[in-house]
Every structure is written in C-alpha cells, then in structure tokens.
file data-v2.pdb (PDB, C-alpha atoms)
ATOM      1  CA  TYR A  27      69.570 194.327-121.781
ATOM      2  CA  ASN A  28      72.291 196.022-123.853
ATOM      3  CA  LEU A  29      73.490 192.649-125.162
ATOM      4  CA  THR A  30      70.062 191.711-126.497
ATOM      5  CA  VAL A  31      68.618 195.007-127.711
ATOM      6  CA  ASP A  32      70.564 195.000-130.998
ATOM      7  CA  LEU A  33      70.497 191.309-131.855
ATOM      8  CA  PRO A  34      69.359 190.859-135.486
ATOM      9  CA  ASN A  35      65.909 189.417-136.162
ATOM     10  CA  LEU A  36      65.105 189.506-132.465
ATOM     11  CA  THR A  37      62.631 192.089-131.290
ATOM     12  CA  HIS A  38      58.969 191.599-132.322
ATOM     13  CA  SER A  39      59.918 188.723-134.634
ATOM     14  CA  TYR A  40      58.748 185.127-134.765
ATOM     15  CA  ALA A  41      61.753 184.101-136.883
ATOM     16  CA  ILE A  42      64.893 183.117-135.020
ATOM     17  CA  GLN A  43      67.628 182.216-137.463
ATOM     18  CA  GLU A  44      69.842 179.933-135.408
ATOM     19  CA  GLU A  45      68.581 176.980-133.377
ATOM     20  CA  GLU A  46      71.398 177.473-130.897
ATOM     21  CA  GLU A  47      70.456 181.129-130.408
ATOM     22  CA  GLU A  48      66.825 180.153-129.916
ATOM     23  CA  ALA A  49      67.783 177.605-127.265
ATOM     24  CA  HIS A  50      69.927 180.170-125.424
ATOM     25  CA  LEU A  51      67.151 182.767-125.459
ATOM     26  CA  MET A  52      64.556 180.281-124.232
ATOM     27  CA  ARG A  53      66.892 179.282-121.434
ATOM     28  CA  LEU A  54      67.381 182.968-120.591
ATOM     29  CA  VAL A  55      63.613 183.510-120.379
ATOM     30  CA  SER A  56      63.217 180.471-118.113
ATOM     31  CA  ILE A  57      65.907 181.930-115.823
ATOM     32  CA  LEU A  58      64.130 185.297-115.861
ATOM     33  CA  ARG A  59      60.959 183.487-114.818
ATOM     34  CA  GLU A  60      62.710 182.091-111.752
ATOM     35  CA  LEU A  61      64.113 185.520-110.915
ATOM     36  CA  LEU A  62      60.651 187.091-111.212
ATOM     37  CA  LEU A  63      59.461 184.787-108.458
ATOM     38  CA  CYS A  64      62.372 185.556-106.114
ATOM     39  CA  TYR A  65      61.868 187.554-102.953
ATOM     40  CA  GLY A  66      64.190 190.514-102.443
ATOM     41  CA  PRO A  67      65.584 191.775 -99.130
ATOM     42  CA  ASN A  68      62.830 194.387 -99.183
ATOM     43  CA  ASN A  69      59.934 195.432-101.395
ATOM     44  CA  GLU A  70      61.890 198.241-103.062
ATOM     45  CA  LYS A  71      64.719 195.919-104.133
ATOM     46  CA  GLN A  72      62.244 193.313-105.329
ATOM     47  CA  MET A  73      60.420 195.858-107.493
ATOM     48  CA  GLU A  74      63.751 197.077-108.876
ATOM     49  CA  LEU A  75      64.682 193.519-109.883
ATOM     50  CA  GLN A  76      61.280 192.972-111.497
ATOM     51  CA  ASN A  77      61.682 196.225-113.421
ATOM     52  CA  HIS A  78      65.019 195.098-114.887
ATOM     53  CA  ILE A  79      63.565 191.689-115.802
ATOM     54  CA  ILE A  80      60.581 193.253-117.564
ATOM     55  CA  ASN A  81      62.857 195.585-119.531
ATOM     56  CA  LEU A  82      64.903 192.601-120.693
ATOM     57  CA  LEU A  83      61.822 190.555-121.584
ATOM     58  CA  THR A  84      60.715 193.279-124.013
ATOM     59  CA  ASN A  85      63.745 192.315-126.139
ATOM     60  CA  MET A  86      62.844 188.628-126.288
ATOM     61  CA  PRO A  87      61.238 187.004-129.352
ATOM     62  CA  LYS A  88      57.561 186.201-129.011
ATOM     63  CA  THR A  89      58.266 182.497-129.363
ATOM     64  CA  CYS A  90      60.124 182.535-126.038
ATOM     65  CA  PHE A  91      57.254 183.760-123.847
ATOM     66  CA  GLU A  92      55.977 180.202-123.383
ATOM     67  CA  GLU A  93      59.020 179.706-121.133
ATOM     68  CA  LEU A  94      57.390 182.014-118.585
ATOM     69  CA  LEU A  95      54.814 179.276-117.987
ATOM     70  CA  SER A  96      55.328 175.919-116.323
ATOM     71  CA  PRO A  97      53.112 172.866-115.757
ATOM     72  CA  ALA A  98      50.658 173.438-112.926
ATOM     73  CA  VAL A  99      51.251 171.423-109.760
ATOM     74  CA  LEU A 100      48.122 169.477-108.861
ATOM     75  CA  ASP A 101      48.464 169.995-105.108
ATOM     76  CA  ASP A 102      49.241 173.701-105.442
ATOM     77  CA  ASP A 103      47.119 175.630-102.939
ATOM     78  CA  ASN A 104      47.024 178.834-105.012
ATOM     79  CA  ASP A 105      44.443 178.287-107.756
ATOM     80  CA  ASN A 106      44.733 181.955-108.788
ATOM     81  CA  ASP A 107      48.066 181.199-110.463
ATOM     82  CA  GLU A 108      46.771 178.238-112.508
ATOM     83  CA  HIS A 109      45.176 178.413-115.936
ATOM     84  CA  ASN A 110      44.677 175.773-118.586
ATOM     85  CA  GLY A 111      47.023 173.367-116.835
ATOM     86  CA  LYS A 112      49.789 175.975-116.615
ATOM     87  CA  ASN A 113      51.365 177.727-113.653
ATOM     88  CA  MET A 114      50.886 181.446-114.358
ATOM     89  CA  GLU A 115      52.699 182.807-111.314
ATOM     90  CA  ALA A 116      55.230 184.762-113.394
ATOM     91  CA  ILE A 117      52.455 186.399-115.440
ATOM     92  CA  ASN A 118      50.566 187.194-112.245
ATOM     93  CA  THR A 119      53.714 188.877-110.913
ATOM     94  CA  ILE A 120      53.988 191.051-114.045
ATOM     95  CA  LEU A 121      50.314 192.037-113.794
ATOM     96  CA  ARG A 122      50.680 192.980-110.141
ATOM     97  CA  PHE A 123      53.815 194.925-111.014
ATOM     98  CA  LEU A 124      51.766 196.916-113.555
ATOM     99  CA  ASP A 125      49.009 197.500-111.006
ATOM    100  CA  HIS A 126      51.512 198.738-108.421
ATOM    101  CA  ARG A 127      53.331 200.959-110.924
ATOM    102  CA  ILE A 128      50.127 202.626-112.138
ATOM    103  CA  ALA A 129      49.068 203.298-108.542
ATOM    104  CA  LYS A 130      52.430 204.957-107.862
ATOM    105  CA  ALA A 131      52.886 206.786-111.175
ATOM    106  CA  GLU A 132      49.340 207.813-112.145
ATOM    107  CA  GLY A 133      49.275 211.574-112.599
ATOM    108  CA  THR A 134      53.042 212.014-112.153
ATOM    109  CA  LYS A 135      55.582 213.391-114.620
ATOM    110  CA  ASN A 136      57.535 210.131-114.892
ATOM    111  CA  ALA A 137      54.508 207.936-115.663
ATOM    112  CA  LYS A 138      55.664 207.347-119.245
ATOM    113  CA  GLU A 139      59.133 206.152-118.254
ATOM    114  CA  VAL A 140      57.728 203.922-115.518
ATOM    115  CA  LEU A 141      54.836 202.317-117.408
ATOM    116  CA  LEU A 142      55.743 201.984-121.096
ATOM    117  CA  PRO A 143      58.004 198.887-120.807
ATOM    118  CA  VAL A 144      55.533 196.755-118.845
ATOM    119  CA  LEU A 145      52.614 197.805-121.070
ATOM    120  CA  GLN A 146      54.642 196.966-124.162
ATOM    121  CA  LEU A 147      55.613 193.577-122.730
ATOM    122  CA  LEU A 148      52.045 192.626-121.835
ATOM    123  CA  ILE A 149      50.855 193.561-125.329
ATOM    124  CA  LEU A 150      53.574 191.418-126.932
ATOM    125  CA  MET A 151      52.810 188.459-124.670
ATOM    126  CA  CYS A 152      49.049 188.655-125.133
ATOM    127  CA  GLN A 153      49.339 188.984-128.908
ATOM    128  CA  SER A 154      51.599 185.959-129.220
ATOM    129  CA  ASN A 155      50.402 183.520-126.554
ATOM    130  CA  ARG A 156      46.756 182.514-126.200
ATOM    131  CA  THR A 157      47.147 181.107-122.678
ATOM    132  CA  ILE A 158      48.771 184.312-121.438
ATOM    133  CA  ARG A 159      46.098 186.433-123.125
ATOM    134  CA  LYS A 160      43.233 184.482-121.553
ATOM    135  CA  PHE A 161      44.821 184.648-118.104
ATOM    136  CA  CYS A 162      45.440 188.400-118.407
ATOM    137  CA  ARG A 163      41.883 188.891-119.588
ATOM    138  CA  GLN A 164      40.523 187.129-116.502
ATOM    139  CA  PHE A 165      42.764 189.279-114.312
ATOM    140  CA  ILE A 166      42.082 192.652-115.968
ATOM    141  CA  LEU A 167      38.628 192.186-117.522
ATOM    142  CA  PRO A 168      36.579 189.827-115.345
ATOM    143  CA  ALA A 169      32.788 189.761-115.693
ATOM    144  CA  LEU A 170      31.507 193.241-114.867
ATOM    145  CA  GLY A 171      28.619 192.314-112.567
ATOM    146  CA  ASP A 172      27.515 195.282-110.442
ATOM    147  CA  GLU A 173      30.389 197.373-111.804
ATOM    148  CA  VAL A 174      28.196 198.331-114.771
ATOM    149  CA  LEU A 175      26.487 200.749-112.368
ATOM    150  CA  ASN A 176      29.701 202.798-112.109
ATOM    151  CA  LEU A 177      31.719 204.688-114.682
ATOM    152  CA  PRO A 178      34.585 202.615-116.140
ATOM    153  CA  THR A 179      37.080 205.139-114.734
ATOM    154  CA  GLU A 180      35.705 204.860-111.188
ATOM    155  CA  GLY A 181      37.462 202.426-108.895
ATOM    156  CA  GLN A 182      40.904 201.048-108.175
ATOM    157  CA  LYS A 183      40.810 197.797-110.113
ATOM    158  CA  LEU A 184      43.322 197.395-112.910
ATOM    159  CA  ARG A 185      40.601 197.812-115.541
ATOM    160  CA  ASN A 186      39.641 201.173-114.023
ATOM    161  CA  LYS A 187      43.257 202.319-113.907
ATOM    162  CA  LEU A 188      43.942 201.328-117.522
ATOM    163  CA  THR A 189      40.727 203.024-118.645
ATOM    164  CA  ARG A 190      41.848 206.240-116.963
ATOM    165  CA  MET A 191      45.198 205.883-118.735
ATOM    166  CA  MET A 192      43.326 205.914-122.067
ATOM    167  CA  THR A 193      42.798 209.652-121.596
ATOM    168  CA  ASN A 194      46.339 210.366-120.361
ATOM    169  CA  PRO A 195      47.915 213.497-121.910
ATOM    170  CA  ASN A 196      50.873 211.397-123.065
ATOM    171  CA  SER A 197      49.981 209.878-126.440
ATOM    172  CA  GLU A 198      52.188 206.795-126.013
ATOM    173  CA  LEU A 199      50.719 205.928-122.640
ATOM    174  CA  LYS A 200      47.128 206.278-123.737
ATOM    175  CA  THR A 201      47.769 204.351-126.965
ATOM    176  CA  LEU A 202      49.488 201.408-125.248
ATOM    177  CA  SER A 203      46.881 201.280-122.474
ATOM    178  CA  ALA A 204      44.096 201.190-125.055
ATOM    179  CA  LYS A 205      45.951 198.657-127.191
ATOM    180  CA  LEU A 206      46.419 196.276-124.259
ATOM    181  CA  LEU A 207      42.710 196.408-123.450
ATOM    182  CA  PHE A 208      41.848 196.035-127.142
ATOM    183  CA  VAL A 209      44.029 192.925-127.458
ATOM    184  CA  LEU A 210      42.421 191.463-124.330
ATOM    185  CA  CYS A 211      39.027 192.098-125.939
ATOM    186  CA  LYS A 212      40.196 189.988-128.907
ATOM    187  CA  GLU A 213      40.180 193.201-130.958
ATOM    188  CA  SER A 214      36.410 193.528-130.684
ATOM    189  CA  VAL A 215      35.283 197.162-130.854
ATOM    190  CA  ASP A 216      31.976 196.411-129.120
ATOM    191  CA  ARG A 217      33.682 194.540-126.299
ATOM    192  CA  LEU A 218      36.209 197.337-125.742
ATOM    193  CA  ILE A 219      33.423 199.922-125.566
ATOM    194  CA  ASN A 220      31.508 197.684-123.152
ATOM    195  CA  TYR A 221      34.455 197.572-120.742
ATOM    196  CA  THR A 222      35.798 201.117-121.106
ATOM    197  CA  GLY A 223      32.860 203.241-122.271
ATOM    198  CA  TYR A 224      32.368 204.853-125.666
ATOM    199  CA  GLY A 225      33.754 208.221-124.599
ATOM    200  CA  ASN A 226      37.042 206.713-123.438
ATOM    201  CA  ALA A 227      37.433 204.406-126.423
ATOM    202  CA  ALA A 228      36.213 206.594-129.300
ATOM    203  CA  GLY A 229      39.332 208.692-129.820
ATOM    204  CA  LEU A 230      41.685 205.741-129.812
ATOM    205  CA  LEU A 231      39.435 203.634-132.033
ATOM    206  CA  TYR A 232      39.314 206.520-134.485
ATOM    207  CA  ASP A 233      43.113 206.690-134.457
ATOM    208  CA  PHE A 234      43.222 202.934-135.088
ATOM    209  CA  GLY A 235      40.797 203.364-138.013
ATOM    210  CA  LEU A 236      38.224 201.192-136.275
ATOM    211  CA  LEU A 237      35.217 203.495-136.111
ATOM    212  CA  GLY A 238      32.714 203.445-138.931
ATOM    213  CA  PRO A 239      29.790 201.461-140.343
ATOM    214  CA  GLN A 240      31.989 198.476-141.219
ATOM    215  CA  HIS A 241      32.815 198.029-137.518
ATOM    216  CA  ASN A 242      29.290 198.363-136.119
TER
END
call {"tool": "encode", "arguments": {"input": "data-v2.pdb", "output": "structure tokens"}}
result
Amino acid sequence: YNLTVDLPNLTHSYAIQEEEEEAHLMRLVSILRELLLCYGPNNEKQMELQNHIINLLTNMPKTCFEELLSPAVLDDDNDNDEHNGKNMEAINTILRFLDHRIAKAEGTKNAKEVLLPVLQLLILMCQSNRTIRKFCRQFILPALGDEVLNLPTEGQKLRNKLTRMMTNPNSELKTLSAKLLFVLCKESVDRLINYTGYGNAAGLLYDFGLLGPQHN
C-alpha cells in the first residue's frame, strides 16, 4: 500500500505514463484477485486479508479493474458469480465484504474507518467499468417487487443498509453511501429516489446540486 499510494499519475487517473508500469500494475491486480478468493485459516484472518487487498486496490488506476474479472467457465455451477460472460467472483467477494462490514460497524464509532475504503473502491470500479457496475447493480438494487410495501431503510439487504447509511451522522459515510447508490442508478435522480425514498435522498441530492426543475 505504501509503495503505491504516492506513485505519480496513479490514483483516480486513466492515464498511465509507462507501458511497463501499466503491465506491472495489471499483474498486481490479477494477483490481488487470486488472493481475494483465497480461504484463510479462519474467518477473521480471511476478512483481515480482504481488508488489506481492498485498501491496496483503492490505489490502482481505473484501467486495471478489468483484471479483477476473468472469462466465465461454462460448466461453473455457481451462476451467481457470472455476468456478461465474465467470472465476477472477486467482485462478489468485495460486495459481501461490504455487507459484512456494515452489519458489524453500523452504529459504532469506528464505522468511518471500517467502511470508507470499500465504499470508495466500489464507486471507482462502478464508475470505470460497465460490467462491474451492472453486476453490482443486480446485487445491491435488484427489482423491488414486494419490497415497495416497506420503507427503504427497513430490512437487512444491502440496499437497506446503504440507505440507512445515507443518514449517518458522519458526512463522508453518508456521502459515499449515497454516491455509490447514485452511480448504480446511472446517476438518475428519479431512480435513486425510487430505491431510497425522497426523504433519504433529498439532502444528498441537494448537496450534489441535483434538485431543481431541470432534474425533474
């Protein structure tokens, strides 16, 4: 992490100056993918490893996130990890990591420290990679169905948890939670309100400058 955090033209940038550097970083991300899918000696150690990997991935250029995907295997029994001909197991692992972390940290004092890196990573990945965004959208924002009868904050699905985070006292947490959902909604104000409710979305949309007649 310390070796990559200060590399020039790296974080949040599409431009990688040296082809050799790009190749090394892509290889690093492919290795991180394999490590994400490893099983630790126990659940605690496995979550610790995943946490370190996610922190490091936040330093990677957006062009490298494709290396987290691999061609889907036709005889793979787990269809939940396949999307658009790609194996999405690594992305699924990151999403489940987020779900687990919110369940553990929601309402605690260290929620910011625990959740900001994975939220930031998911936003970066979804903004830069269409396949990842569509898979995350299916995971977090599936068709509502009978859920429209309940408040968006009621329930233990990841959408419910992220919606509750939108009213978190910590401004960074609520902003990143809202931004992730907004990106998954393809930056549609109406769609975000449909999934999270006007009351939960209004404050953040106002902060983003997205409330007003031009956005109706």
call {"tool": "resolve_selection", "arguments": {"input": "data-v2.pdb", "expression": "the PyMOL selection byres ((chain A and resi 221-235) around 10)", "output": "ChimeraX atom specification"}}
result
/A:167-170,173-174,177-179,185-186,188-193,197,200-201,204-205,207-208,211,215-220,236-238,241
call {"tool": "resolve_selection", "arguments": {"input": "data-v2.pdb", "expression": "the PyMOL selection byres ((chain A and resi 209) around 12)", "output": "PyMOL selection string"}}
result
chain A and resi 145-146+148-156+158-160+162-163+166-167+202-208+210-215+217-218
call {"tool": "resolve_selection", "arguments": {"input": "data-v2.pdb", "expression": "the PyMOL selection byres ((chain A and resi 123-137) around 9)", "output": "tab-separated table (two decimals) with C-alpha atoms, in the frame of the given file"}}
result
chain	number	residue	atom	x	y	z
A	73	MET	CA	60.42	195.86	-107.49
A	76	GLN	CA	61.28	192.97	-111.50
A	77	ASN	CA	61.68	196.22	-113.42
A	118	ASN	CA	50.57	187.19	-112.24
A	119	THR	CA	53.71	188.88	-110.91
A	120	ILE	CA	53.99	191.05	-114.04
A	121	LEU	CA	50.31	192.04	-113.79
A	122	ARG	CA	50.68	192.98	-110.14
A	138	LYS	CA	55.66	207.35	-119.24
A	139	GLU	CA	59.13	206.15	-118.25
A	140	VAL	CA	57.73	203.92	-115.52
A	141	LEU	CA	54.84	202.32	-117.41
A	142	LEU	CA	55.74	201.98	-121.10
A	144	VAL	CA	55.53	196.76	-118.84
A	145	LEU	CA	52.61	197.80	-121.07
A	182	GLN	CA	40.90	201.05	-108.18
A	183	LYS	CA	40.81	197.80	-110.11
A	184	LEU	CA	43.32	197.40	-112.91
A	187	LYS	CA	43.26	202.32	-113.91
A	188	LEU	CA	43.94	201.33	-117.52
A	191	MET	CA	45.20	205.88	-118.74
A	194	ASN	CA	46.34	210.37	-120.36
A	196	ASN	CA	50.87	211.40	-123.06
A	199	LEU	CA	50.72	205.93	-122.64
call {"tool": "closest_residue", "arguments": {"input": "data-v2.pdb", "among": "A:Leu147, A:Ala49, A:Ile79, A:Cys90", "to": "Leu62 of chain A", "atoms": "all atoms listed in the file"}}
result
A:Ile79
call {"tool": "residues_around", "arguments": {"input": "data-v2.pdb", "residues": "Leu94 of chain A", "least_positions_apart": "6", "cutoff": "8 Å", "atoms": "only C-alpha atoms", "output": "PyMOL selection string"}}
result
chain A and resi 55-56+58-59+114+116-117
call {"tool": "atom_distance", "arguments": {"input": "data-v2.pdb", "atom1": "atom CA of Phe161 of chain A", "atom2": "atom CA of Gly111 of chain A"}}
result
11.6 Å
call {"tool": "atom_distance", "arguments": {"input": "data-v2.pdb", "atom1": "atom CA of Met52 of chain A", "atom2": "atom CA of Glu115 of chain A"}}
result
17.7 Å
call {"tool": "atom_distance", "arguments": {"input": "data-v2.pdb", "atom1": "atom CA of Pro67 of chain A", "atom2": "atom CA of Leu83 of chain A"}}
result
22.8 Å
call {"tool": "decode", "arguments": {"input": "data-v2.pdb", "residues": "segment 72-167 of chain A", "atoms": "C-alpha atoms", "output": "mmCIF file, in the first residue's frame"}}
result
data_model
loop_
_atom_site.group_PDB
_atom_site.id
_atom_site.type_symbol
_atom_site.label_atom_id
_atom_site.label_comp_id
_atom_site.auth_asym_id
_atom_site.auth_seq_id
_atom_site.Cartn_x
_atom_site.Cartn_y
_atom_site.Cartn_z
ATOM 1 C CA GLN A 72 -9.692 -14.058 5.816
ATOM 2 C CA MET A 73 -11.507 -10.775 6.458
ATOM 3 C CA GLU A 74 -8.225 -9.159 7.511
ATOM 4 C CA LEU A 75 -6.598 -10.230 4.232
ATOM 5 C CA GLN A 76 -9.560 -8.945 2.220
ATOM 6 C CA ASN A 77 -9.357 -5.626 4.062
ATOM 7 C CA HIS A 78 -5.690 -5.173 3.113
ATOM 8 C CA ILE A 79 -6.425 -6.102 -0.516
ATOM 9 C CA ILE A 80 -9.284 -3.606 -0.746
ATOM 10 C CA ASN A 81 -7.105 -0.847 0.714
ATOM 11 C CA LEU A 82 -4.456 -1.551 -1.918
ATOM 12 C CA LEU A 83 -6.992 -1.686 -4.751
ATOM 13 C CA THR A 84 -8.093 1.873 -3.935
ATOM 14 C CA ASN A 85 -4.641 2.990 -5.147
ATOM 15 C CA MET A 86 -4.920 1.233 -8.503
ATOM 16 C CA PRO A 87 -5.726 3.076 -11.753
ATOM 17 C CA LYS A 88 -9.239 2.585 -13.057
ATOM 18 C CA THR A 89 -7.917 0.894 -16.179
ATOM 19 C CA CYS A 90 -6.662 -2.019 -14.069
ATOM 20 C CA PHE A 91 -10.009 -3.063 -12.571
ATOM 21 C CA GLU A 92 -10.776 -5.250 -15.595
ATOM 22 C CA GLU A 93 -8.106 -7.602 -14.213
ATOM 23 C CA LEU A 94 -10.473 -8.454 -11.359
ATOM 24 C CA LEU A 95 -12.654 -10.246 -13.912
ATOM 25 C CA SER A 96 -11.906 -13.453 -15.772
ATOM 26 C CA PRO A 97 -13.682 -15.406 -18.526
ATOM 27 C CA ALA A 98 -16.628 -17.362 -17.162
ATOM 28 C CA VAL A 99 -16.259 -21.143 -17.126
ATOM 29 C CA LEU A 100 -19.152 -22.741 -18.987
ATOM 30 C CA ASP A 101 -19.519 -25.675 -16.593
ATOM 31 C CA ASP A 102 -19.284 -23.490 -13.491
ATOM 32 C CA ASP A 103 -22.063 -24.473 -11.084
ATOM 33 C CA ASN A 104 -22.313 -21.026 -9.467
ATOM 34 C CA ASP A 105 -24.289 -18.829 -11.868
ATOM 35 C CA ASN A 106 -24.408 -16.044 -9.255
ATOM 36 C CA ASP A 107 -20.766 -15.218 -10.000
ATOM 37 C CA GLU A 108 -21.230 -14.961 -13.787
ATOM 38 C CA HIS A 109 -22.245 -11.865 -15.712
ATOM 39 C CA ASN A 110 -21.883 -10.973 -19.362
ATOM 40 C CA GLY A 111 -19.513 -13.864 -19.980
ATOM 41 C CA LYS A 112 -17.261 -12.845 -17.083
ATOM 42 C CA ASN A 113 -16.487 -14.533 -13.785
ATOM 43 C CA MET A 114 -17.416 -11.951 -11.133
ATOM 44 C CA GLU A 115 -16.365 -13.928 -8.068
ATOM 45 C CA ALA A 116 -13.861 -11.287 -6.925
ATOM 46 C CA ILE A 117 -16.481 -8.524 -7.190
ATOM 47 C CA ASN A 118 -18.971 -10.705 -5.333
ATOM 48 C CA THR A 119 -16.387 -11.140 -2.568
ATOM 49 C CA ILE A 120 -15.942 -7.356 -2.262
ATOM 50 C CA LEU A 121 -19.715 -6.831 -2.116
ATOM 51 C CA ARG A 122 -20.109 -9.457 0.588
ATOM 52 C CA PHE A 123 -17.214 -7.882 2.463
ATOM 53 C CA LEU A 124 -19.100 -4.557 2.403
ATOM 54 C CA ASP A 125 -22.297 -6.248 3.569
ATOM 55 C CA HIS A 126 -20.478 -7.941 6.451
ATOM 56 C CA ARG A 127 -18.639 -4.759 7.449
ATOM 57 C CA ILE A 128 -21.819 -2.661 7.532
ATOM 58 C CA ALA A 129 -23.548 -5.297 9.670
ATOM 59 C CA LYS A 130 -20.645 -5.203 12.134
ATOM 60 C CA ALA A 131 -19.938 -1.457 12.100
ATOM 61 C CA GLU A 132 -23.391 0.118 11.695
ATOM 62 C CA GLY A 133 -23.966 2.483 14.599
ATOM 63 C CA THR A 134 -20.439 2.111 16.015
ATOM 64 C CA LYS A 135 -17.773 4.776 16.483
ATOM 65 C CA ASN A 136 -15.319 3.177 14.047
ATOM 66 C CA ALA A 137 -17.797 2.860 11.162
ATOM 67 C CA LYS A 138 -15.989 5.520 9.122
ATOM 68 C CA GLU A 139 -12.587 3.844 9.379
ATOM 69 C CA VAL A 140 -14.061 0.434 8.582
ATOM 70 C CA LEU A 141 -16.316 1.369 5.657
ATOM 71 C CA LEU A 142 -14.771 4.269 3.723
ATOM 72 C CA PRO A 143 -12.135 2.261 1.773
ATOM 73 C CA VAL A 144 -14.533 -0.377 0.435
ATOM 74 C CA LEU A 145 -17.173 2.238 -0.444
ATOM 75 C CA GLN A 146 -14.557 4.300 -2.255
ATOM 76 C CA LEU A 147 -13.320 1.245 -4.158
ATOM 77 C CA LEU A 148 -16.794 0.200 -5.285
ATOM 78 C CA ILE A 149 -17.523 3.728 -6.519
ATOM 79 C CA LEU A 150 -14.277 3.800 -8.522
ATOM 80 C CA MET A 151 -14.933 0.370 -10.027
ATOM 81 C CA CYS A 152 -18.550 1.091 -10.919
ATOM 82 C CA GLN A 153 -17.696 4.451 -12.477
ATOM 83 C CA SER A 154 -14.973 2.991 -14.669
ATOM 84 C CA ASN A 155 -16.199 -0.482 -15.633
ATOM 85 C CA ARG A 156 -19.652 -1.093 -17.094
ATOM 86 C CA THR A 157 -19.632 -4.845 -16.415
ATOM 87 C CA ILE A 158 -18.755 -4.310 -12.756
ATOM 88 C CA ARG A 159 -21.409 -1.604 -12.414
ATOM 89 C CA LYS A 160 -24.156 -3.793 -13.883
ATOM 90 C CA PHE A 161 -23.204 -6.728 -11.664
ATOM 91 C CA CYS A 162 -23.135 -4.535 -8.542
ATOM 92 C CA ARG A 163 -26.481 -3.063 -9.503
ATOM 93 C CA GLN A 164 -28.040 -6.526 -9.724
ATOM 94 C CA PHE A 165 -26.553 -7.389 -6.335
ATOM 95 C CA ILE A 166 -27.470 -4.171 -4.495
ATOM 96 C CA LEU A 167 -30.505 -2.890 -6.421
#
